Protein chains: 4
Amino acid sequence: MKKLRAAVIGLGVGEKHAEALASSKSCELIAICDHDVTKLAEVSSRFPEVRAASRDSDILNDPKIDLVCIASHDNYHFAQTMQALVSGKHVFVEKPFTYSVVQGEELVELADRKNLKIMVDHTFLFTGAVRKIKELVDRKELGELYYYDALRVNLGLFQHDVNVIWDLAPHDLSIMDYVIAAKPEAVVATGEKHLNGVEDVAFITVYFPKRIIAHVNVNWLSPVKVRTTLIGGEKKMLMWNDLEVDEKLRIYDKGVSMSTNPSNLHQLLVSYRSGDMWAPQVEQIEALRAETAYFLKCIEENSKPFNDGEAGLRVVRILEAADRSIRSRGEAINL
Amino acid sequence: MKKLRAAVIGLGVGEKHAEALASSKSCELIAICDHDVTKLAEVSSRFPEVRAASRDSDILNDPKIDLVCIASHDNYHFAQTMQALVSGKHVFVEKPFTYSVVQGEELVELADRKNLKIMVDHTFLFTGAVRKIKELVDRKELGELYYYDALRVNLGLFQHDVNVIWDLAPHDLSIMDYVIAAKPEAVVATGEKHLNGVEDVAFITVYFPKRIIAHVNVNWLSPVKVRTTLIGGEKKMLMWNDLEVDEKLRIYDKGVSMSTNPSNLHQLLVSYRSGDMWAPQVEQIEALRAETAYFLKCIEENSKPFNDGEAGLRVVRILEAADRSIRSRGEAINL
Amino acid sequence: MKKLRAAVIGLGVGEKHAEALASSKSCELIAICDHDVTKLAEVSSRFPEVRAASRDSDILNDPKIDLVCIASHDNYHFAQTMQALVSGKHVFVEKPFTYSVVQGEELVELADRKNLKIMVDHTFLFTGAVRKIKELVDRKELGELYYYDALRVNLGLFQHDVNVIWDLAPHDLSIMDYVIAAKPEAVVATGEKHLNGVEDVAFITVYFPKRIIAHVNVNWLSPVKVRTTLIGGEKKMLMWNDLEVDEKLRIYDKGVSMSTNPSNLHQLLVSYRSGDMWAPQVEQIEALRAETAYFLKCIEENSKPFNDGEAGLRVVRILEAADRSIRSRGEAINL
Amino acid sequence: MKKLRAAVIGLGVGEKHAEALASSKSCELIAICDHDVTKLAEVSSRFPEVRAASRDSDILNDPKIDLVCIASHDNYHFAQTMQALVSGKHVFVEKPFTYSVVQGEELVELADRKNLKIMVDHTFLFTGAVRKIKELVDRKELGELYYYDALRVNLGLFQHDVNVIWDLAPHDLSIMDYVIAAKPEAVVATGEKHLNGVEDVAFITVYFPKRIIAHVNVNWLSPVKVRTTLIGGEKKMLMWNDLEVDEKLRIYDKGVSMSTNPSNLHQLLVSYRSGDMWAPQVEQIEALRAETAYFLKCIEENSKPFNDGEAGLRVVRILEAADRSIRSRGEAINL
């Protein structure tokens with residue numbers, strides 16, 4: 001089979017994409033691009049065989065390129081993805097997919113029409129920890145889900161043009177979307193701006209059907225770095241601490257159940273169950289390489305990636321709603 | 001000076017109050033009361049000299065009693081406090097003060113009129129950790145405050161008639177009220193009911209003037225017990241982990257500051273400061289005894305306790321608003 | 001059945017023994033004793049029905065007493081146990097059993113001759129954690145044992161007449177003796193005196209058959225309190241952290257195995273196995289009450305406690321050898 | 001100034017050395033060497049300008065090379081260092097310096113005679129944490145030292161020809177030597193072999209003058225990775241946890257002091273001091289680059305590195321003594 005020819009635009013995190021693409025056997029990295037020529041030269045020295053371009057149009061209009069990885073500043077995601085699709089390329093685009101739902105819908109619709117693939121880089125979905133969580137939830141090990149509560153706080157890094165929600169929450173929202181696998185009903189967000197005119201502290205609640213509630217706490221002003229998610233279910237509960245080296249995932253055989261008092265039907269009896277804790281061995285995966293390989297396979301087999309444009313759009317819908325809600329101090333935005 | 005004569009109603013946590021009052025030199029515990037006669041007999045055996053009553057009216061109408069500690073079920077706080085005030089007694093009442101703002105206002109007004117003291121049991125305010133936090137904030141060690149973010153989660157204990165907010169949040173709201181010492185503007189709360197018809201997971205945001213934002217995450221369905229509060233300020237930040245045996249408090253010489261680029265006045269420059277961490281020795285205090293002694297002193301000196309009925313009412317105002325907000329999925333309730 | 005009549009000598013930790021004995025249904029606490037009359041009066045007020053004696057001979061010679069719990073200063077363990085046995089009483093004695101092997105042997109021999117029971121208070125053996133460890137080791141869950149490595153360090157509390165080994169190591173040595181259940185071969189100990197003329201830092205190695213090696217690190221001069229034991233076996237390994245509230249015990253499905261390279265018989269191949277971690281629910285037991293009940297049962301059924309005088313003696317043998325070894329800078333003392 | 005010309009032999013950890021040398025401005029990396037040609041080709045592709053040699057003699061005899069970094073298997077350290085010195089090169093050699101004291105002395109003597117520098121790679125001495133510890137100890141912040149207690153355990157990696165002492169302890173012994181800065185008096189070591197005929201668990205005590213005692217616990221069979229050192233002094237104590245990302249170093253204002261009871265000169269009074277804990281910001285240094293730069297500077301300025309051959313030899317003396325002691329079950333080996 002002919003190898004797919006790939007290019008990367010934007011060489012910040014894009015340098016990692018270039019590595020992943022270059023090391024793949026089913027594709028050939030043929031061009032890299034950054035408008036910062038110093039950065040371009042630096043990365044170029046690592047890939048001497050690969051064409052280096054400083055203008056994205058050189059990549060986006062090049063008919064020899066089959067797929068492009070867009071890792072430029074978030075501002076450019078929409079326009080570059082659009083142009084790539086127009087010129088018939090598959091697109092692997094960094095998160096957040098776009099800055100608005102309208103933009104995202106346009107791209108998804110175009111890709112569908114031209115039978116091109118869009119995949120949004122939600123790398124966490126390819127880590128051992130998230131794969132294991134998904135597997136546990138799908139197998140109903142936790143029983144019916146009750147809540148999803150994520151804490152992602154640290155000191156900085158301030159973004160100048162987006163708030164802490166657009167910067168940090170896409171990770172949690174994409175994982176939540178993947179794990180809960182249901183259409184959210186409404187979003188409530190609160191937060192505050194302290195320094196540069198954008199929210200640096202924010203709290204997002206997402207309501208799902210069947211009383212599942214999700215919450216994401218993101219903060220650029222925390223003295224400590226925390227990356228912890230609690231997921232509570234009817235049968236079991238888990239804690240995922242992504243900063244642990246081993247034992248990232250702990251599953252607790254704990255729970256609460258209610259029954260009716262046989263001698264007094266109006267009275268509810270609560271019973272607690274407290275059993276073992278279990279930390280499954282989590283597969284050590286180079287998540288970005290696994291994700292890259294998966295996208296190449298989707299293109300070859302003409303199948304839709306599960307983290308496609310539609311998945312990216314679901315995250316953008318929540319981000320956009322959270323932004324609206326935060327401006328009106330917590331008004332519920334129905335989705 | 002004649003010793004104050006005290007009584008305790010309700011011998012769950014009230015047993016601790018009885019101990020604290022009995023061991024005080026400036027007061028005499030003369031009666032205890034519980035409608036559960038088994039419980040009453042059990043506690044009574046520890047205080048053989050003290051009168052044991054099974055009806056609260058025996059206490060509330062007894063003219064020899066100067067002050068009464070009300071530690072009965074939350075349902076009775078209002079009626080018992082009312083009756084105690086009517087019959088001229090000072091009242092030390094468990095949190096939450098009352099179930100509604102209207103009730104609380106009535107009690108505060110009555111106490112004022114009769115020059116009687118009400119103190120609400122917000123024990124945490126008398127712990128070494130909270131006293132140290134208050135001292136640091138008042139001394140402006142943290143600089144202007146940015147946020148207050150509390151996490152109080154564990155498995156159970158389910159209450160049958162109040163939700164997780166009324167059960168767990170009074171602790172954090174009273175500390176927040178004490179530390180921030182400003183009138184809150186609005187409350188937004190979200191949450192969900194999974195088991196017995198009351199919210200078991202809830203998230204409360206409280207807006208304060210000067211862009212201070214507070215958040216309280218309370219959950220009865222967590223597999224792990226967490227008691228952590230982050231407070232971020234302009235100059236320093238702190239983390240209080242109440243489950244640590246030593247080093248409950250960690251103060252970080254960390255921060256972010258903004259300046260304008262001298263050569264481009266439209267551009268903001270962010271600078272980070274990352275310095276030492278410092279865990280001050282926190283005084284080991286028996287908080288409830290300290291609080292009891294403080295109340296007795298307030299009565300003797302005819303001074304208002306800082307955690308008086310008005311303070312209890314400020315917490316009830318937020319609880320009531322949170323309840324209203326949660327029912328309308330996050331509608332902001334102005335205070 | 002007639003209830004056993006018990007007495008307690010020494011009301012420091014002996015107060016806990018008095019509670020345990022008083023609450024037992026199969027025995028009657030009839031006397032308590034302490035030469036410190038203030039202490040005696042204080043404890044006596046909690047047990048108004050129980051005779052209070054300030055001279056131990058009043059207890060030791062009283063023919064109505066069936067068993068005596070000796071919780072006096074370590075100095076008196078030998079003489080009091082001796083006198084109690086002579087006057088026909090069963091003895092529950094605090095650790096360390098005696099200050100020398102010779103003394104311990106004398107007591108064991110006398111108790112045997114008179115068919116009286118001695119039980120040495122190694123409370124840890126009755127905790128949920130140690131019972132679970134014993135069960136795992138006996139079931140060969142860990143496979144053949146490789147090592148036992150205990151760390152027990154904190155700041156103070158300095159003893160004036162014994163060193164840190166006699167103060168802290170009995171806990172670990174009794175657990176080690178129970179879990180490994182083999183006769184140790186030799187002891188090597190090192191340590192140093194810094195403050196009051198006795199060792200405050202010490203390291204003990206105990207050699208067992210089959211290449212099992214045990215190590216105990218005890219220190220009165222540590223800024224942090226640590227209570228951690230690692231046990232490594234052929235198949236699994238465990239860590240016991242006694243300061244954890246939940247999850248005291250973690251069992252790791254990890255190991256190393258060796259095989260011979262089939263193509264080169266002189267070459268050893270190492271393979272690592274890294275699997276799940278599992279924290280079994282550990283029974284919450286009031287260890288001292290369980291131990292007391294067990295002793296009463298042993299007396300009634302005329303059976304030997306597993307933590308009998310012989311077990312206490314095994315610990316004293318190692319303590320005595322460690323003392324000798326430490327004085328000669330690590331000379332191996334064969335047991 | 002003419003740049004020093006450097007070569008690296010052995011491209012395991014040597015690859016890092018090659019990077020450090022290549023990135024230095026005061027030296028030129030001109031050759032790399034590994035007898036494994038696959039490895040050589042792989043590293044060579046990263047340094048296309050640098051000569052690649054598969055035979056060490058090509059390097060060791062090349063008169064154009066001023067200094068050689070020896071990062072080959074420990075077996076070769078002696079012979080290659082010898083040959084490098086003979087042919088007039090400065091040597092930066094991996095730890096352990098040599099396999100015996102005799103070898104080490106020979107090399108030190110030869111280097112002295114030819115005025116060549118030897119530096120032994122004790123990288124930890126260049127980390128921010130160890131530099132800070134050294135500074136605190138030298139400033140007498142801890143007061144007189146009492147003990148140094150290091151724990152370095154993990155699962156594997158088994159070495160085939162050296163035991164766990166030669167593999168893991170050089171790190172701790174070199175830090176201990178640097179921090180305590182006194183000549184040790186004697187070594188006692190215990191340990192056991194379980195798998196491949198060399199000790200995989202070992203405990204080393206080193207006696208220093210003035211009652212300072214050091215202890216190193218090394219273990220290849222631990223289910224958890226631990227890298228913790230406690231240092232206790234008269235005035236303060238510290239804990240260094242190298243696995244912490246931030247706050248690697250914690251300094252405790254805690255201590256014990258003794259005084260004589262004024263009314264009874266035979267009685268010692270113990271007093272405890274328990275104050276704040278303080279985690280100083282530790283400089284983030286690329287230790288190996290700092291060490292490399294330091295060596296180049298020492299050569300240029302003709303000054304002796306503090307981690308010179310003599311320092312390496314001091315560590316080898318303890319390793320050799322520990323090996324002898326372990327074979328005789330803890331016999332003290334005087335140094």
# chains A, B, ... in the order shown; residues from 1 in each chain; ligands from 1
>>> residues_around(residues="D:Thr260", least_positions_apart="4", cutoff="12 Å", atoms="only C-alpha atoms", output="count of residues only")
10
>>> closest_atom_pairs(of="chain D", to="chain A", cutoff="10 Å", atoms="only C-alpha atoms", output="CSV")
residue,atom,partner,partner_atom,distance
D:Arg46,CA,A:Arg46,CA,8.7
D:Val224,CA,A:Asp246,CA,9.0
D:Lys225,CA,A:Asp246,CA,9.7
D:Leu243,CA,A:Val245,CA,9.9
D:Val245,CA,A:Leu243,CA,9.9
D:Asp246,CA,A:Val224,CA,9.0
>>> write_last_selection(atoms="N, CA and C atoms", output="mmCIF file, in the first residue's frame")
data_model
loop_
_atom_site.group_PDB
_atom_site.id
_atom_site.type_symbol
_atom_site.label_atom_id
_atom_site.label_comp_id
_atom_site.auth_asym_id
_atom_site.auth_seq_id
_atom_site.Cartn_x
_atom_site.Cartn_y
_atom_site.Cartn_z
ATOM 1 N N ARG D 46 22.877 10.839 15.979
ATOM 2 C CA ARG D 46 22.555 12.087 16.658
ATOM 3 C C ARG D 46 23.740 13.051 16.639
ATOM 4 N N VAL D 224 7.912 -1.093 45.990
ATOM 5 C CA VAL D 224 7.767 0.343 45.778
ATOM 6 C C VAL D 224 9.143 0.980 45.645
ATOM 7 N N LYS D 225 9.175 2.086 44.942
ATOM 8 C CA LYS D 225 10.424 2.819 44.788
ATOM 9 C C LYS D 225 10.476 3.886 45.871
ATOM 10 N N LEU D 243 11.927 11.757 45.222
ATOM 11 C CA LEU D 243 10.846 11.465 44.276
ATOM 12 C C LEU D 243 9.765 12.549 44.260
ATOM 13 N N VAL D 245 8.260 16.010 43.308
ATOM 14 C CA VAL D 245 8.556 16.922 42.200
ATOM 15 C C VAL D 245 8.937 18.286 42.778
ATOM 16 N N ASP D 246 8.082 18.832 43.622
ATOM 17 C CA ASP D 246 8.432 20.048 44.346
ATOM 18 C C ASP D 246 8.711 19.630 45.789
#
>>> atom_distance(atom1="atom CA of C:Ala287", atom2="atom CA of C:Thr123")
6.1 Å
>>> residues_around(residues="stretch 304-306 of chain B", least_positions_apart="5", cutoff="10 Å", atoms="only C-alpha atoms", output="PyMOL selection string")
chain B and resi 115-120+125+178+291+294-299+311-312
>>> write_last_selection(atoms="N, CA and C atoms", output="PDB file, in the first residue's frame")
ATOM      1  N   ASN B 115     -31.211  41.298  75.449  1.00  0.00           N
ATOM      2  CA  ASN B 115     -29.781  41.288  75.779  1.00  0.00           C
ATOM      3  C   ASN B 115     -29.281  39.907  76.226  1.00  0.00           C
ATOM      4  N   LEU B 116     -29.648  38.928  75.430  1.00  0.00           N
ATOM      5  CA  LEU B 116     -29.133  37.576  75.675  1.00  0.00           C
ATOM      6  C   LEU B 116     -28.151  37.220  74.557  1.00  0.00           C
ATOM      7  N   LYS B 117     -27.227  36.332  74.869  1.00  0.00           N
ATOM      8  CA  LYS B 117     -26.231  35.939  73.874  1.00  0.00           C
ATOM      9  C   LYS B 117     -26.673  34.683  73.149  1.00  0.00           C
ATOM     10  N   ILE B 118     -26.473  34.699  71.858  1.00  0.00           N
ATOM     11  CA  ILE B 118     -26.547  33.454  71.081  1.00  0.00           C
ATOM     12  C   ILE B 118     -25.151  33.200  70.526  1.00  0.00           C
ATOM     13  N   MET B 119     -24.669  31.980  70.663  1.00  0.00           N
ATOM     14  CA  MET B 119     -23.441  31.612  69.948  1.00  0.00           C
ATOM     15  C   MET B 119     -23.736  30.346  69.164  1.00  0.00           C
ATOM     16  N   VAL B 120     -23.330  30.331  67.887  1.00  0.00           N
ATOM     17  CA  VAL B 120     -23.554  29.157  67.048  1.00  0.00           C
ATOM     18  C   VAL B 120     -22.267  28.341  67.027  1.00  0.00           C
ATOM     19  N   LEU B 125     -13.741  27.332  63.843  1.00  0.00           N
ATOM     20  CA  LEU B 125     -13.164  28.675  63.998  1.00  0.00           C
ATOM     21  C   LEU B 125     -12.235  28.753  65.206  1.00  0.00           C
ATOM     22  N   TYR B 178     -15.740  33.780  58.030  1.00  0.00           N
ATOM     23  CA  TYR B 178     -14.807  34.301  59.045  1.00  0.00           C
ATOM     24  C   TYR B 178     -13.536  34.831  58.389  1.00  0.00           C
ATOM     25  N   GLU B 291     -13.904  27.117  72.642  1.00  0.00           N
ATOM     26  CA  GLU B 291     -15.122  27.814  72.223  1.00  0.00           C
ATOM     27  C   GLU B 291     -16.070  28.000  73.420  1.00  0.00           C
ATOM     28  N   TYR B 294     -14.823  30.615  75.689  1.00  0.00           N
ATOM     29  CA  TYR B 294     -15.038  31.921  75.065  1.00  0.00           C
ATOM     30  C   TYR B 294     -16.477  32.391  75.265  1.00  0.00           C
ATOM     31  N   PHE B 295     -17.431  31.487  75.120  1.00  0.00           N
ATOM     32  CA  PHE B 295     -18.842  31.863  75.279  1.00  0.00           C
ATOM     33  C   PHE B 295     -19.121  32.292  76.723  1.00  0.00           C
ATOM     34  N   LEU B 296     -18.581  31.532  77.662  1.00  0.00           N
ATOM     35  CA  LEU B 296     -18.790  31.871  79.076  1.00  0.00           C
ATOM     36  C   LEU B 296     -18.218  33.266  79.357  1.00  0.00           C
ATOM     37  N   LYS B 297     -17.075  33.547  78.779  1.00  0.00           N
ATOM     38  CA  LYS B 297     -16.444  34.851  78.967  1.00  0.00           C
ATOM     39  C   LYS B 297     -17.310  35.967  78.340  1.00  0.00           C
ATOM     40  N   CYS B 298     -17.850  35.695  77.156  1.00  0.00           N
ATOM     41  CA  CYS B 298     -18.714  36.688  76.508  1.00  0.00           C
ATOM     42  C   CYS B 298     -19.920  37.005  77.399  1.00  0.00           C
ATOM     43  N   ILE B 299     -20.480  35.975  78.018  1.00  0.00           N
ATOM     44  CA  ILE B 299     -21.641  36.189  78.886  1.00  0.00           C
ATOM     45  C   ILE B 299     -21.236  37.023  80.096  1.00  0.00           C
ATOM     46  N   ALA B 311     -23.771  35.666  62.833  1.00  0.00           N
ATOM     47  CA  ALA B 311     -22.827  34.835  62.060  1.00  0.00           C
ATOM     48  C   ALA B 311     -23.519  33.546  61.612  1.00  0.00           C
ATOM     49  N   GLY B 312     -24.287  32.944  62.511  1.00  0.00           N
ATOM     50  CA  GLY B 312     -25.037  31.744  62.148  1.00  0.00           C
ATOM     51  C   GLY B 312     -26.022  32.044  61.030  1.00  0.00           C
TER      52      GLY B 312
END
>>> residues_around(residues="A:Leu249", least_positions_apart="5", cutoff="6 Å", atoms="only C-alpha atoms", output="list in words")
Met239, Trp240 and Ala279 of chain A
>>> write_last_selection(atoms="all heavy atoms", output="PDB file, in the first residue's frame")
ATOM      1  N   MET A 239     -10.890   6.564  41.836  1.00  0.00           N
ATOM      2  CA  MET A 239     -10.129   7.796  41.852  1.00  0.00           C
ATOM      3  C   MET A 239      -8.980   7.632  40.866  1.00  0.00           C
ATOM      4  O   MET A 239      -8.257   6.645  40.912  1.00  0.00           O
ATOM      5  CB  MET A 239      -9.567   8.074  43.241  1.00  0.00           C
ATOM      6  CG  MET A 239      -8.831   9.400  43.269  1.00  0.00           C
ATOM      7  SD  MET A 239      -8.461   9.991  44.945  1.00  0.00           S
ATOM      8  CE  MET A 239      -7.278   8.771  45.467  1.00  0.00           C
ATOM      9  N   TRP A 240      -8.846   8.617  40.005  1.00  0.00           N
ATOM     10  CA  TRP A 240      -7.738   8.616  39.045  1.00  0.00           C
ATOM     11  C   TRP A 240      -6.857   9.802  39.386  1.00  0.00           C
ATOM     12  O   TRP A 240      -7.299  10.933  39.324  1.00  0.00           O
ATOM     13  CB  TRP A 240      -8.298   8.729  37.630  1.00  0.00           C
ATOM     14  CG  TRP A 240      -7.299   9.070  36.572  1.00  0.00           C
ATOM     15  CD1 TRP A 240      -5.991   8.681  36.505  1.00  0.00           C
ATOM     16  CD2 TRP A 240      -7.527   9.890  35.410  1.00  0.00           C
ATOM     17  NE1 TRP A 240      -5.401   9.197  35.381  1.00  0.00           N
ATOM     18  CE2 TRP A 240      -6.311   9.926  34.691  1.00  0.00           C
ATOM     19  CE3 TRP A 240      -8.629  10.563  34.911  1.00  0.00           C
ATOM     20  CZ2 TRP A 240      -6.184  10.659  33.497  1.00  0.00           C
ATOM     21  CZ3 TRP A 240      -8.499  11.282  33.725  1.00  0.00           C
ATOM     22  CH2 TRP A 240      -7.295  11.319  33.026  1.00  0.00           C
ATOM     23  N   ALA A 279      -5.773  -1.447  42.606  1.00  0.00           N
ATOM     24  CA  ALA A 279      -5.123  -0.561  41.637  1.00  0.00           C
ATOM     25  C   ALA A 279      -4.645  -1.388  40.463  1.00  0.00           C
ATOM     26  O   ALA A 279      -3.587  -2.012  40.523  1.00  0.00           O
ATOM     27  CB  ALA A 279      -3.948   0.165  42.292  1.00  0.00           C
TER      28      ALA A 279
END
